[in-house]
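The structure appears below as structure tokens.
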Amino acid sequence: MKSLYTCFFCLIFAIGFSQEKQYTSFVDVNYFRGNIAEHNSDILHLIKGHPEGVILSWNKKTYGFKDWEQRYNYPDYGVSFAYQNLKNDVLGNNYSLYAHYNFYFLKRHLMFRVGQGVALTTNPYDKLKNYRNNAFGSRFLSSTYFMLNYKKERVLDRFGLQGGLSLIHYSNANVKAPNTSVNSITLNLGVTYSLDETEPEFITTIIDGEKEKFTEPIKYNLVFRTGINESDVVGSGQFPFYIVSAYADKRINIKSALQFGTDVFFSRFLKELIYYQSVAGLGENVSGNEDYKRVGVFVGHELFVNRMSLITQLGYYIYYPFDFEGRSYIRVGLKRYFGKKWFGALTLKSHGFKAEAVEFGVGLRL
């Protein structure tokens with residue numbers, strides 16, 4: 001599982017970031033300090049001090065050589081490395097590696113960054129040595145960070161400044177229990193340095209304010225997703241899950257598509273949880289004969305950015321024989337297209353703020 005996680009992101013870096021045109025780049029170093037948000041009362045004992053750390057990023061600029069760069073106001077893309085001291089010996093320190101995009105607003109003075117990656121925590125849960133750490137059940141975690149900064153480049157020669165707010169999230173998405181996760185809300189201040197002396201002009205071939213004409217028939221998608229996860233019962237064991245999804249999507253413009261479809265879930269951890277609750281007497285009216293399979297329907301949205309896309313889906317179980325975290329669910333994540341039909345996907349499925357699984361998927365769009 002850990003190797004698969006790493007390989008997936010390396011594949012995104014190698015393929016998604018390769019370009020033929022000449023682009024300029026810059027690096028930035030940001031110091032941050034803030035607080036751990038109390039999103040769950042179970043982590044109250046872990047909130048001590050003010051977590052701090054540093055984010056080091058390499059960014060490649062775009063100038064409109066491709067149409068998608070112009071549509072999104074010439075974003076940057078790159079990689080980030082982060083170190084965070086969580087100011088608690090129970091939690092330890094986290095080291096993270098991300099792929100990220102920077103999007104610009106207000107004449108490129110306001111930057112919004114979104115990064116997704118993998119984190120290594122130095123002191124995960126251990127039933128004997130570190131039983132108080134109910135936030136991180138495994139050494140490797142999924143991590144997401146957002147940064148909203150005011151930015152001014154080349155204030156002094158190639159040096160610039162930026163500062164604002166950052167949100168950093170760590171979770172293993174129930175790959176292994178426990179997993180209450182940690183969210184850090186921080187202030188950051190950083191320095192940028194342009195690696196190139198001069199920059200090309202932005203290219204504008206798409207007329208500002210003019211809608212691009214785009215038509216496409218309804219497409220039909222088939223996706224297979226898998227991974228491993230564990231129930232909230234610590235030590236109950238990790239089990240594989242399998243999800244088969246079928247849905248139709250309709251492009252409403254050059255950037256977006258709407259989706260409607262169905263999921264069929266085969267989650268083995270639920271089978272174990274049903275048995276555990278039936279013999280332990282913890283589940284009300286749980287006989288042990290309940291079906292662990294679920295069927296859901298969903299509506300969704302897909303935002304296309306070059307060969308990558310961001311998907312968000314809201315689902316509801318129509319076949320729900322065993323009650324687990326409620327009947328509604330959310331799926332968010334990334335897709336990467338290989339040609340016009342095939343794609344890979346990395347998604348997170350949750351019930352509200354309660355993550356159930358990180359899903360690795362492969363799909364076909366016809």
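Residue numbering restarts at 1 in every chain; chains get A, B, ... in the order shown in the structure tokens, and ligands count up from 1 in that same order.
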
Strand (DSSP E or B) positions in range 177-265 of chain A, given as a ChimeraX atom specification: /A:182-194,219-229,239-251,256-265

Those in range 110-322 of chain A with alpha helix (DSSP H) from DSSP, as number ranges by chain: A: 268-280

For range 319-329 of chain A: contacts at 12 Å, only C-alpha atoms, fewer than 5 positions along chain excluded, given as a count of residues only: 46

Which residues of range 181-263 of chain A come within 12 Å of range 150-156 of chain A, and what is each one's closest atom pair and distance in Å (one decimal), counting only C-alpha atoms, sorted by chain and residue number, as a Markdown table?
```
| residue | atom | partner | partner_atom | distance |
| --- | --- | --- | --- | --- |
| A:Leu187 | CA | A:Tyr150 | CA | 11.9 |
| A:Asn188 | CA | A:Tyr150 | CA | 10.6 |
| A:Leu189 | CA | A:Tyr150 | CA | 9.8 |
| A:Gly190 | CA | A:Lys151 | CA | 9.2 |
| A:Val191 | CA | A:Glu153 | CA | 9.1 |
| A:Thr192 | CA | A:Glu153 | CA | 6.9 |
| A:Tyr193 | CA | A:Arg154 | CA | 7.7 |
| A:Ser194 | CA | A:Arg154 | CA | 7.5 |
| A:Leu195 | CA | A:Arg154 | CA | 11.0 |
| A:Asp196 | CA | A:Arg154 | CA | 11.2 |
| A:Glu197 | CA | A:Arg154 | CA | 10.2 |
| A:Thr198 | CA | A:Arg154 | CA | 10.8 |
| A:Glu199 | CA | A:Arg154 | CA | 11.6 |
```

Could you save the residues just selected, with N, CA, C and O atoms, as a compact mmCIF listing (two decimals), in the first residue's frame?
```txt
# COMPACT_ATOMS: atom_id res chain seq x y z
N LEU A 187 -0.60 30.91 10.22
CA LEU A 187 -0.15 32.08 9.49
C LEU A 187 1.21 31.77 8.90
O LEU A 187 2.04 31.11 9.55
N ASN A 188 1.46 32.22 7.68
CA ASN A 188 2.76 31.97 7.07
C ASN A 188 3.34 33.24 6.47
O ASN A 188 2.61 34.14 6.04
N LEU A 189 4.65 33.29 6.45
CA LEU A 189 5.38 34.39 5.85
C LEU A 189 6.53 33.79 5.07
O LEU A 189 7.26 32.93 5.58
N GLY A 190 6.69 34.23 3.82
CA GLY A 190 7.69 33.59 2.97
C GLY A 190 8.44 34.54 2.07
O GLY A 190 8.06 35.70 1.87
N VAL A 191 9.53 34.00 1.51
CA VAL A 191 10.37 34.70 0.56
C VAL A 191 10.39 33.91 -0.74
O VAL A 191 10.49 32.68 -0.72
N THR A 192 10.27 34.60 -1.87
CA THR A 192 10.36 33.96 -3.17
C THR A 192 11.65 34.39 -3.87
O THR A 192 12.18 35.48 -3.61
N TYR A 193 12.14 33.51 -4.75
CA TYR A 193 13.34 33.84 -5.53
C TYR A 193 13.17 33.32 -6.94
O TYR A 193 12.96 32.12 -7.16
N SER A 194 13.21 34.21 -7.92
CA SER A 194 13.06 33.84 -9.33
C SER A 194 14.37 33.26 -9.84
O SER A 194 15.43 33.88 -9.70
N LEU A 195 14.31 32.08 -10.44
CA LEU A 195 15.51 31.40 -10.90
C LEU A 195 15.97 31.89 -12.27
O LEU A 195 17.06 31.52 -12.72
N ASP A 196 15.15 32.68 -12.94
CA ASP A 196 15.50 33.20 -14.26
C ASP A 196 15.55 34.72 -14.21
O ASP A 196 14.71 35.37 -13.57
N GLU A 197 16.49 35.29 -14.94
CA GLU A 197 16.68 36.74 -14.90
C GLU A 197 15.55 37.49 -15.56
O GLU A 197 15.09 38.52 -15.07
N THR A 198 15.06 36.97 -16.68
CA THR A 198 13.95 37.60 -17.40
C THR A 198 12.84 36.59 -17.63
O THR A 198 13.05 35.38 -17.55
N GLU A 199 11.65 37.10 -17.95
CA GLU A 199 10.49 36.26 -18.20
C GLU A 199 9.84 36.63 -19.52
O GLU A 199 9.83 37.82 -19.89
```

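Nearest-residue note for Tyr316 in chain A: choosing from A:Gly261, A:Val332, A:Ala280, A:Arg139, the minimum distance belongs to A:Gly261, counting only C-alpha atoms.
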
From A:Ile168, A:Gly361, A:Gly315, A:Asn133, residue lying nearest Phe241 in chain A [only C-alpha atoms]: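 Answer, going by the shortest atom-to-atom distance: A:Gly361.
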
Nearest candidate to Thr204 in chain A (options A:Trp68, A:Tyr337, A:Tyr98, A:Tyr125; using only C-alpha atoms): A:Trp68

Might you pull out every residue within 10 Å of Gln238 in chain A, with only C-alpha atoms counted and same-chain residues fewer than 3 positions away left off, and present them as a JSON list (two decimals) with N, CA and C atoms, in the first residue's frame?
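Result saved to result.json:
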```
[["chain", "number", "residue", "atom", "x", "y", "z"],
["A", 174, "ASN", "N", -8.38, 6.04, 7.35],
["A", 174, "ASN", "CA", -8.77, 4.73, 7.88],
["A", 174, "ASN", "C", -8.05, 3.56, 7.21],
["A", 175, "VAL", "N", -6.88, 3.82, 6.62],
["A", 175, "VAL", "CA", -6.07, 2.70, 6.17],
["A", 175, "VAL", "C", -5.73, 1.82, 7.37],
["A", 176, "LYS", "N", -5.53, 2.48, 8.52],
["A", 176, "LYS", "CA", -5.29, 1.75, 9.76],
["A", 176, "LYS", "C", -5.81, 2.58, 10.92],
["A", 177, "ALA", "N", -6.49, 1.95, 11.86],
["A", 177, "ALA", "CA", -7.01, 2.65, 13.04],
["A", 177, "ALA", "C", -5.91, 2.78, 14.09],
["A", 227, "GLY", "N", -8.40, -0.67, -2.56],
["A", 227, "GLY", "CA", -7.50, -0.21, -1.51],
["A", 227, "GLY", "C", -7.69, -1.08, -0.28],
["A", 228, "ILE", "N", -7.15, -0.65, 0.85],
["A", 228, "ILE", "CA", -7.36, -1.35, 2.12],
["A", 228, "ILE", "C", -7.77, -0.34, 3.17],
["A", 229, "ASN", "N", -8.55, -0.80, 4.15],
["A", 229, "ASN", "CA", -8.90, 0.06, 5.27],
["A", 229, "ASN", "C", -9.28, -0.80, 6.47],
["A", 230, "GLU", "N", -9.57, -0.12, 7.57],
["A", 230, "GLU", "CA", -9.87, -0.77, 8.84],
["A", 230, "GLU", "C", -10.99, 0.00, 9.51],
["A", 231, "SER", "N", -11.80, -0.68, 10.29],
["A", 231, "SER", "CA", -12.85, 0.01, 11.04],
["A", 231, "SER", "C", -12.22, 0.81, 12.17],
["A", 235, "GLY", "N", -7.07, -2.60, 16.00],
["A", 235, "GLY", "CA", -6.65, -3.99, 16.00],
["A", 235, "GLY", "C", -7.61, -4.94, 15.32],
["A", 241, "PHE", "N", -10.97, -3.53, -0.09],
["A", 241, "PHE", "CA", -12.31, -3.18, -0.54],
["A", 241, "PHE", "C", -12.28, -3.04, -2.06],
["A", 268, "ARG", "N", -14.80, -5.22, 2.88],
["A", 268, "ARG", "CA", -14.61, -6.37, 3.77],
["A", 268, "ARG", "C", -14.49, -5.96, 5.24],
["A", 269, "PHE", "N", -14.03, -4.73, 5.51],
["A", 269, "PHE", "CA", -13.92, -4.32, 6.91],
["A", 269, "PHE", "C", -15.29, -4.26, 7.56],
["A", 272, "GLU", "N", -16.28, -7.67, 8.87],
["A", 272, "GLU", "CA", -15.64, -7.94, 10.16],
["A", 272, "GLU", "C", -16.29, -7.13, 11.28]]
```

Contacts of Lys250 in chain A within 9 Å, only C-alpha atoms, excl. fewer than 4 positions in-chain, as number ranges by chain: A: 216-219, 256-259

Residue subset to file, keeping all heavy atoms, as a short mmCIF file (atom, residue, chain, number, x, y, z; two decimals), in the first residue's frame:
```cif
data_model
loop_
_atom_site.label_atom_id
_atom_site.label_comp_id
_atom_site.auth_asym_id
_atom_site.auth_seq_id
_atom_site.Cartn_x
_atom_site.Cartn_y
_atom_site.Cartn_z
N GLU A 216 -19.79 18.28 -26.86
CA GLU A 216 -19.37 16.89 -26.73
C GLU A 216 -20.59 16.07 -26.33
O GLU A 216 -21.38 16.50 -25.48
CB GLU A 216 -18.28 16.76 -25.66
CG GLU A 216 -17.68 15.37 -25.55
CD GLU A 216 -16.60 15.30 -24.47
OE1 GLU A 216 -16.95 15.39 -23.28
OE2 GLU A 216 -15.41 15.16 -24.83
N PRO A 217 -20.79 14.91 -26.93
CA PRO A 217 -21.94 14.08 -26.54
C PRO A 217 -21.76 13.53 -25.14
O PRO A 217 -20.68 13.59 -24.55
CB PRO A 217 -21.92 12.96 -27.59
CG PRO A 217 -20.50 12.89 -28.04
CD PRO A 217 -19.99 14.30 -28.01
N ILE A 218 -22.83 12.97 -24.60
CA ILE A 218 -22.78 12.33 -23.29
C ILE A 218 -21.77 11.18 -23.33
O ILE A 218 -21.77 10.38 -24.26
CB ILE A 218 -24.17 11.81 -22.87
CG1 ILE A 218 -25.12 12.99 -22.65
CG2 ILE A 218 -24.08 10.97 -21.59
CD1 ILE A 218 -26.55 12.58 -22.34
N LYS A 219 -20.90 11.13 -22.32
CA LYS A 219 -19.90 10.07 -22.22
C LYS A 219 -20.28 9.12 -21.09
O LYS A 219 -20.85 9.52 -20.07
CB LYS A 219 -18.51 10.67 -21.95
CG LYS A 219 -17.99 11.55 -23.08
CD LYS A 219 -17.62 10.72 -24.30
CE LYS A 219 -16.96 11.58 -25.36
NZ LYS A 219 -16.53 10.79 -26.53
N SER A 256 -15.90 22.22 -17.49
CA SER A 256 -16.67 21.45 -16.52
C SER A 256 -17.56 20.39 -17.16
O SER A 256 -18.02 20.53 -18.30
CB SER A 256 -17.55 22.38 -15.69
OG SER A 256 -16.78 23.30 -14.96
N ALA A 257 -17.83 19.34 -16.38
CA ALA A 257 -18.79 18.31 -16.75
C ALA A 257 -19.61 17.94 -15.52
O ALA A 257 -19.10 17.96 -14.39
CB ALA A 257 -18.09 17.07 -17.30
N LEU A 258 -20.88 17.60 -15.73
CA LEU A 258 -21.75 17.10 -14.67
C LEU A 258 -21.85 15.58 -14.79
O LEU A 258 -21.83 15.04 -15.90
CB LEU A 258 -23.12 17.75 -14.75
CG LEU A 258 -23.17 19.27 -14.60
CD1 LEU A 258 -24.61 19.77 -14.73
CD2 LEU A 258 -22.57 19.71 -13.27
N GLN A 259 -22.00 14.90 -13.63
CA GLN A 259 -22.01 13.45 -13.60
C GLN A 259 -23.25 12.93 -12.87
O GLN A 259 -23.77 13.58 -11.97
CB GLN A 259 -20.77 12.92 -12.87
CG GLN A 259 -19.44 13.41 -13.42
CD GLN A 259 -18.29 13.05 -12.49
OE1 GLN A 259 -18.48 12.80 -11.30
NE2 GLN A 259 -17.08 13.03 -13.04
#
```

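Note that the spacing between CA of Asn35 in chain A and CA of Tyr95 in chain A amounts to 17.6 Å.
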